[in-house]
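A quick write-up on the structure given underneath.
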Amino acid sequence: MTTTTVYDSAEQRLPFLTTFKHFWEYRDLIKLLTVKKVTARYKRSVLGVWWTLLNPILTTLIYFVVFEKLFGRDSADEFPYLIYLISGIIVAGFFSEAVIACGSAIVGSRGILQRMQVPPEVFSFAAAIAAAVNFVISVVPLVAAMVLLGVEIPWNTVFLAVIPAAFLLLLVTGLGLIVASAAVFFYDVIDFVKVLTQLISLGSASFFSLSWVSERYQPIIKANPLFHYIDMFRKFFYRGEMPDALNWMMVVGSAVLALGLGAYVFSRSWKNLVVRL
Amino acid sequence: MSDPAIEVINLSLAYEVDKRLAGTFKGALIDRLRNRTEREKFFAVNDVTFQIEAGETFGIIGPNGAGKSTMLAVIAGVLPPTIGRVVVRGKVAPIIGLGAGLDNEMTARENILLYGALFGRSNADMKERVLKILTWAELDDHEYQPVRTFSSGMVARLAFSVATDIQPDILLADEVFAVGDERFRNKAEERMRSLLSGGTTVMMVSHNLRQIAEHCDRVLWLDHGRIVEIGPAEQVTKLYKEASMNPTEKAVGEPGTP
């Protein structure tokens with residue numbers, strides 16, 4: 001018998017760095033959990049893959065009717081309002097969906113976590129990746145709208161749009177880990193977070209242009225990190241522009257900060273969380 | 001074998017029980033305003049010390065709420081000890097049933113891959129083992145069926161097959177023989193024997209004293225988180241049976257008092 005693995009409860013581990021090590025060590029598990037999450041929505045539904053698109057399409061439709069038809073806003077920042085709208089809604093939707101899914105993932109996997117020694121962060125990360133996959137699927141209507149409205153795809157920058165999406169994945173993983181810790185203590189935290197993510201999404205200029213807002217209030221929106229993710233995505237995906245320095249600072253800064261803080265908070269609190277799971 | 005497979009040293013494990021409004025955020029805010037933030041510690045396992053040698057079959061018995069499953073969770077490395085220390089030498093695999101890890105909506109095949117990944121096995125490795133695991137469980141024809149369509153016996157076979165296929169050094173079995181028919185039980189027992197001869201340590205929790213006495217070398221009798229007896233299986237199960245018939249004899253302290 002080879003006794004290579006020894007578990008000693010008295011051993012102190014470096015919790016912060018192990019979080020990131022776990023993401024690599026358990027990559028096969030993350031892959032399986034992600035596939036499970038993504039396909040679970042289609043398996044027993046008539047709508048299938050359309051289910052993912054239903055939410056952004058309906059949201060888009062509502063804002064489109066209100067702003068374009070009722071208020072006569074047919075363009076935003078010199079581009080068709082519809083394009084502006086869809087791009088904002090899918091990025092903000094990714095943010096909200098991922099933070100909530102990530103935050104619920106650990107409580108939702110308590111059956112396994114109470115019996116097997118599996119790093120719990122892995123479940124949160126898989127939930128965030130599943131949300132990212134749904135986001136990629138929801139890019140299809142955006143491309144369709146661009147083609148229909150004759151907006152040229154800027155081939156030299158369009159693929160760079162993965163940059164804000166990748167940083168957003170890091171941001172939501174970090175925030176999700178903080179939410180997940182809180183959700184073990186209080187199960188209704190998720191309800192509060194739902195309202196909070198909605199507020200952040202509304203205040204990120206996802207469905208209105210910054211230029212529609214009076215100068216006095218513009219700094220509030222510019223202080224919202226999510227605005228910069230959306231702005232960067234728009235610049236790469238259809239405007240064919242490079243993001244400005246503030247965009248980069250806010251995107252990279254908030255992602256790194258959130259992920260670091262999330263991993264730190266979670267790894268420090270898990271010992272106290274698991275007995276309450 | 002010099003080092004014991006499992007060492008449990010002065011182990012205590014406390015759960016924190018909220019005296020507040022049902023553990024909600026809203027409730028906590030209200031309680032904070034009312035200045036009511038009491039929490040109570042409940043000791044599920046209380047100052048327990050024992051050792052299990054490699055290759056031993058070790059049983060834990062005791063009434064409901066004695067701390068048996070908590071003990072397995074500590075040994076699985078899931079729950080960190082509140083006080084004391086646990087050293088476990090070797091790979092631990094729990095046999096997990098439905099609702100505990102097996103997913104109802106997923107197929108038998110997907111569940112096998114998932115269990116393997118939870119255990120840290122690579123996907124490629126598990127794919128090669130799927131057929132073997134299904135064959136043992138007699139579920140060859142159900143590879144692509146969701147587990148929700150399975151009978152409880154089929155689920156038990158699948159759970160047992162996948163956990164034992166992993167060939168762990170330490171197998172944790174919490175009430176595994178409770179389900180399944182006589183045929184499955186015989187088959188499972190046979191596989192347990194082959195694992196044991198291969199040097200695997202088995203830790204089992206069961207209310208079935210006959211099975212415990214039959215399979216285990218030694219037995220630990222827990223009550224309210226404390227050791228009542230530990231020793232040869234025959235002897236401890238006999239004492240336990242006698243005490244169950246005459247409840248006043250082996251009375252232990254109130255639950256949760258350290």
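Identifiers in the structure tokens: chain A, B, ... in order shown; residue index from 1 per chain; ligand index from 1 in order shown.
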
Pick out the residues sitting within 10 Å of B:Trp136, and hand them over as an MDAnalysis selection string; count only C-alpha atoms, and ignore anything fewer than 5 positions along from it in its own chain. chainID B and resid 131 157:158 160:162 165 187:188 191

Within 9 Å of chain A, which residues of chain B are there when counting only C-alpha atoms? Please give them as a ChimeraX atom specification. /B:5,13-17,22-28,72-81,84-94,96,99-102,105-106,110,113-123,169,198-200

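The set of residues in stretch 201-233 of chain B assigned to helix (DSSP H, G or I) by DSSP, using only backbone atoms of this structure, is Leu209, Arg210, Gln211, Ile212, Ala213, Glu214, His215 and Ala233 of chain B.
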
Let me see the file: selected residues, all heavy atoms, as a PDB file, in the first residue's frame.
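Heads up, here's the output in out.pdb:
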```
ATOM      1  N   LEU B 209     -26.636  -4.141  13.512  1.00  0.00           N
ATOM      2  CA  LEU B 209     -25.612  -4.700  14.401  1.00  0.00           C
ATOM      3  C   LEU B 209     -25.079  -6.036  13.903  1.00  0.00           C
ATOM      4  O   LEU B 209     -23.911  -6.354  14.073  1.00  0.00           O
ATOM      5  CB  LEU B 209     -26.182  -4.860  15.812  1.00  0.00           C
ATOM      6  CG  LEU B 209     -26.470  -3.567  16.556  1.00  0.00           C
ATOM      7  CD1 LEU B 209     -27.064  -3.875  17.917  1.00  0.00           C
ATOM      8  CD2 LEU B 209     -25.201  -2.737  16.711  1.00  0.00           C
ATOM      9  N   ARG B 210     -25.972  -6.823  13.262  1.00  0.00           N
ATOM     10  CA  ARG B 210     -25.557  -8.134  12.754  1.00  0.00           C
ATOM     11  C   ARG B 210     -24.441  -7.963  11.718  1.00  0.00           C
ATOM     12  O   ARG B 210     -23.413  -8.630  11.776  1.00  0.00           O
ATOM     13  CB  ARG B 210     -26.758  -8.844  12.137  1.00  0.00           C
ATOM     14  CG  ARG B 210     -26.482 -10.288  11.751  1.00  0.00           C
ATOM     15  CD  ARG B 210     -27.622 -10.863  10.941  1.00  0.00           C
ATOM     16  NE  ARG B 210     -27.868 -10.149   9.695  1.00  0.00           N
ATOM     17  CZ  ARG B 210     -27.153 -10.314   8.576  1.00  0.00           C
ATOM     18  NH1 ARG B 210     -26.135 -11.146   8.554  1.00  0.00           N
ATOM     19  NH2 ARG B 210     -27.438  -9.629   7.488  1.00  0.00           N
ATOM     20  N   GLN B 211     -24.662  -6.990  10.794  1.00  0.00           N
ATOM     21  CA  GLN B 211     -23.651  -6.743   9.761  1.00  0.00           C
ATOM     22  C   GLN B 211     -22.348  -6.221  10.356  1.00  0.00           C
ATOM     23  O   GLN B 211     -21.262  -6.622   9.955  1.00  0.00           O
ATOM     24  CB  GLN B 211     -24.173  -5.730   8.745  1.00  0.00           C
ATOM     25  CG  GLN B 211     -24.836  -6.403   7.566  1.00  0.00           C
ATOM     26  CD  GLN B 211     -25.624  -5.432   6.761  1.00  0.00           C
ATOM     27  OE1 GLN B 211     -25.510  -4.222   6.936  1.00  0.00           O
ATOM     28  NE2 GLN B 211     -26.440  -5.951   5.877  1.00  0.00           N
ATOM     29  N   ILE B 212     -22.496  -5.312  11.310  1.00  0.00           N
ATOM     30  CA  ILE B 212     -21.305  -4.748  11.957  1.00  0.00           C
ATOM     31  C   ILE B 212     -20.500  -5.855  12.623  1.00  0.00           C
ATOM     32  O   ILE B 212     -19.283  -5.981  12.449  1.00  0.00           O
ATOM     33  CB  ILE B 212     -21.714  -3.665  12.991  1.00  0.00           C
ATOM     34  CG1 ILE B 212     -22.239  -2.409  12.302  1.00  0.00           C
ATOM     35  CG2 ILE B 212     -20.567  -3.340  13.921  1.00  0.00           C
ATOM     36  CD1 ILE B 212     -21.207  -1.404  11.885  1.00  0.00           C
ATOM     37  N   ALA B 213     -21.193  -6.697  13.368  1.00  0.00           N
ATOM     38  CA  ALA B 213     -20.515  -7.774  14.089  1.00  0.00           C
ATOM     39  C   ALA B 213     -19.843  -8.741  13.124  1.00  0.00           C
ATOM     40  O   ALA B 213     -18.761  -9.260  13.384  1.00  0.00           O
ATOM     41  CB  ALA B 213     -21.513  -8.504  14.975  1.00  0.00           C
ATOM     42  N   GLU B 214     -20.504  -8.956  11.993  1.00  0.00           N
ATOM     43  CA  GLU B 214     -20.016  -9.916  11.019  1.00  0.00           C
ATOM     44  C   GLU B 214     -18.768  -9.414  10.296  1.00  0.00           C
ATOM     45  O   GLU B 214     -17.845 -10.167  10.017  1.00  0.00           O
ATOM     46  CB  GLU B 214     -21.139 -10.142  10.004  1.00  0.00           C
ATOM     47  CG  GLU B 214     -21.099 -11.458   9.272  1.00  0.00           C
ATOM     48  CD  GLU B 214     -22.358 -11.609   8.453  1.00  0.00           C
ATOM     49  OE1 GLU B 214     -23.445 -11.774   9.051  1.00  0.00           O
ATOM     50  OE2 GLU B 214     -22.265 -11.504   7.221  1.00  0.00           O
ATOM     51  N   HIS B 215     -18.757  -8.107   9.952  1.00  0.00           N
ATOM     52  CA  HIS B 215     -17.702  -7.587   9.091  1.00  0.00           C
ATOM     53  C   HIS B 215     -16.538  -6.937   9.819  1.00  0.00           C
ATOM     54  O   HIS B 215     -15.433  -6.902   9.300  1.00  0.00           O
ATOM     55  CB  HIS B 215     -18.274  -6.549   8.118  1.00  0.00           C
ATOM     56  CG  HIS B 215     -19.159  -7.152   7.102  1.00  0.00           C
ATOM     57  ND1 HIS B 215     -18.677  -7.857   6.044  1.00  0.00           N
ATOM     58  CD2 HIS B 215     -20.501  -7.190   7.000  1.00  0.00           C
ATOM     59  CE1 HIS B 215     -19.686  -8.282   5.321  1.00  0.00           C
ATOM     60  NE2 HIS B 215     -20.809  -7.900   5.882  1.00  0.00           N
ATOM     61  N   ALA B 233     -15.446  -6.424  17.868  1.00  0.00           N
ATOM     62  CA  ALA B 233     -16.797  -6.203  17.364  1.00  0.00           C
ATOM     63  C   ALA B 233     -17.856  -6.977  18.145  1.00  0.00           C
ATOM     64  O   ALA B 233     -18.862  -6.410  18.579  1.00  0.00           O
ATOM     65  CB  ALA B 233     -16.854  -6.564  15.886  1.00  0.00           C
TER      66      ALA B 233
END
```

Can you pull out every residue from stretch 27-246 of chain A that DSSP, working from the backbone, puts in strand (DSSP E), and format the result as an NGL selection string? :A and (75-76 or 79-80)

Keeping only N, CA and C atoms, take the residues you just selected and write them out as a tab-separated table (two decimals), in the first residue's frame.
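Writing the result to part07.tsv gives the following:
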```
chain	number	residue	atom	x	y	z
A	75	SER	N	-30.41	56.33	-32.11
A	75	SER	CA	-28.98	56.04	-32.11
A	75	SER	C	-28.38	56.41	-30.76
A	76	ALA	N	-27.27	55.74	-30.46
A	76	ALA	CA	-26.53	56.03	-29.24
A	76	ALA	C	-25.06	56.06	-29.60
A	79	PHE	N	-24.13	55.07	-33.21
A	79	PHE	CA	-24.42	53.72	-33.71
A	79	PHE	C	-25.90	53.43	-33.45
A	80	PRO	N	-26.50	52.49	-34.22
A	80	PRO	CA	-27.91	52.19	-33.99
A	80	PRO	C	-28.16	51.82	-32.53
```

Pick from A:Ala92, A:Val38, A:Ala165, A:Leu160 nearest to A:Asn224, counting only C-alpha atoms: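 Result for the nearest residue to A:Asn224: A:Ala92.
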
Can you pull out the residues contacting A:Ala145? Cut-off 10 Å, using only C-alpha atoms, and skip same-chain residues under 5 positions away; I want them as a list in words.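 Neighbouring residues, sequence-local ones excluded: Pro80, Leu82, Ile83, Ile86, Val140, Gly150 and Val151 of chain A.
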
Would you put the residues from that selection into a file with N, CA and C atoms, as a short mmCIF file (atom, residue, chain, number, x, y, z; two decimals), in the first residue's frame?
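Result file selection24.cif:
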```
data_model
loop_
_atom_site.label_atom_id
_atom_site.label_comp_id
_atom_site.auth_asym_id
_atom_site.auth_seq_id
_atom_site.Cartn_x
_atom_site.Cartn_y
_atom_site.Cartn_z
N PRO A 80 -26.50 52.49 -34.22
CA PRO A 80 -27.91 52.19 -33.99
C PRO A 80 -28.16 51.82 -32.53
N LEU A 82 -30.20 49.85 -31.16
CA LEU A 82 -30.38 48.41 -30.92
C LEU A 82 -29.05 47.71 -30.63
N ILE A 83 -28.03 48.07 -31.40
CA ILE A 83 -26.71 47.46 -31.22
C ILE A 83 -26.15 47.84 -29.85
N ILE A 86 -28.22 45.86 -27.14
CA ILE A 86 -27.93 44.42 -26.99
C ILE A 86 -26.56 44.22 -26.34
N VAL A 140 -24.54 35.84 -30.35
CA VAL A 140 -25.15 35.56 -31.66
C VAL A 140 -26.21 36.61 -32.06
N GLY A 150 -26.67 46.65 -40.99
CA GLY A 150 -25.57 47.11 -41.84
C GLY A 150 -24.40 47.72 -41.08
N VAL A 151 -24.22 47.31 -39.82
CA VAL A 151 -23.05 47.80 -39.09
C VAL A 151 -21.87 46.89 -39.42
#
```

Might you pull out every residue within 9 Å of A:Gly93, with only C-alpha atoms counted and same-chain residues fewer than 4 positions away left off, and present them as a list in words?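 Those residues are Asn55, Pro56, Gly88, Ile89, Glu97, Ala98, Phe135 and Ser201 of chain A.
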
Kindly save the residues from that selection, with N, CA and C atoms included, as a PDB file, in the first residue's frame.
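Result file follows (part.pdb):
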```pdb
ATOM      1  N   ASN A  55     -34.065  35.528 -22.259  1.00  0.00           N
ATOM      2  CA  ASN A  55     -33.964  36.631 -21.307  1.00  0.00           C
ATOM      3  C   ASN A  55     -33.380  37.906 -21.925  1.00  0.00           C
ATOM      4  N   PRO A  56     -32.188  37.823 -22.550  1.00  0.00           N
ATOM      5  CA  PRO A  56     -31.663  39.050 -23.163  1.00  0.00           C
ATOM      6  C   PRO A  56     -32.554  39.601 -24.278  1.00  0.00           C
ATOM      7  N   GLY A  88     -24.917  46.121 -24.358  1.00  0.00           N
ATOM      8  CA  GLY A  88     -24.958  46.460 -22.937  1.00  0.00           C
ATOM      9  C   GLY A  88     -25.665  45.398 -22.118  1.00  0.00           C
ATOM     10  N   ILE A  89     -26.781  44.915 -22.663  1.00  0.00           N
ATOM     11  CA  ILE A  89     -27.597  43.975 -21.899  1.00  0.00           C
ATOM     12  C   ILE A  89     -26.912  42.620 -21.743  1.00  0.00           C
ATOM     13  N   GLU A  97     -25.911  37.314 -13.796  1.00  0.00           N
ATOM     14  CA  GLU A  97     -26.138  35.869 -13.759  1.00  0.00           C
ATOM     15  C   GLU A  97     -24.975  35.164 -13.055  1.00  0.00           C
ATOM     16  N   ALA A  98     -23.755  35.577 -13.414  1.00  0.00           N
ATOM     17  CA  ALA A  98     -22.580  34.891 -12.879  1.00  0.00           C
ATOM     18  C   ALA A  98     -22.422  35.124 -11.377  1.00  0.00           C
ATOM     19  N   PHE A 135     -22.992  33.616 -22.058  1.00  0.00           N
ATOM     20  CA  PHE A 135     -22.705  34.935 -22.620  1.00  0.00           C
ATOM     21  C   PHE A 135     -22.245  34.809 -24.074  1.00  0.00           C
ATOM     22  N   SER A 201     -26.130  47.054 -12.685  1.00  0.00           N
ATOM     23  CA  SER A 201     -26.387  46.943 -14.121  1.00  0.00           C
ATOM     24  C   SER A 201     -27.094  48.182 -14.654  1.00  0.00           C
TER      25      SER A 201
END
```

Considering only C-alpha atoms, return as an MDAnalysis selection string whatever protein or nucleic-acid residues lie within 6 Å of B:Met203, sequence-local ones (same chain, fewer than 3 positions apart) excluded. chainID B and resid 57:59 172

Take the selection from the previous step and output its residues with N, CA and C atoms, as a PDB file, in the first residue's frame.
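And here is the file that came out, part.pdb:
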```
ATOM      1  N   THR B  57     -11.044  -3.391   9.497  1.00  0.00           N
ATOM      2  CA  THR B  57     -12.428  -2.986   9.259  1.00  0.00           C
ATOM      3  C   THR B  57     -12.980  -2.482  10.574  1.00  0.00           C
ATOM      4  N   PHE B  58     -13.377  -1.248  10.566  1.00  0.00           N
ATOM      5  CA  PHE B  58     -13.723  -0.580  11.806  1.00  0.00           C
ATOM      6  C   PHE B  58     -15.164  -0.095  11.725  1.00  0.00           C
ATOM      7  N   GLY B  59     -15.957  -0.420  12.699  1.00  0.00           N
ATOM      8  CA  GLY B  59     -17.363  -0.011  12.684  1.00  0.00           C
ATOM      9  C   GLY B  59     -17.647   1.055  13.718  1.00  0.00           C
ATOM     10  N   LEU B 172     -14.986   4.864   3.229  1.00  0.00           N
ATOM     11  CA  LEU B 172     -15.958   5.266   4.238  1.00  0.00           C
ATOM     12  C   LEU B 172     -17.344   4.842   3.785  1.00  0.00           C
TER      13      LEU B 172
END
```

Taking only C-alpha atoms into account, which of A:Ala255, A:Leu210, A:Leu168, A:Leu70 comes nearest A:Phe233? A:Leu168

Residues within 10 Å of B:Ile227, only C-alpha atoms, excluding chain neighbours under 2 positions, as a PyMOL selection string: chain B and resi 45-50+62+66+220-225+229-230+252

Considering only C-alpha atoms, return as a PyMOL selection string whatever protein or nucleic-acid residues lie within 10 Å of B:Met154, sequence-local ones (same chain, fewer than 5 positions apart) excluded. chain B and resi 137-139+142+147+149+159-160+179-180+184

Could you tell me which of B:Ile60, B:Leu11, B:Ile95, B:Val155 comes closest to B:Ala173 if we count only C-alpha atoms? B:Ile95
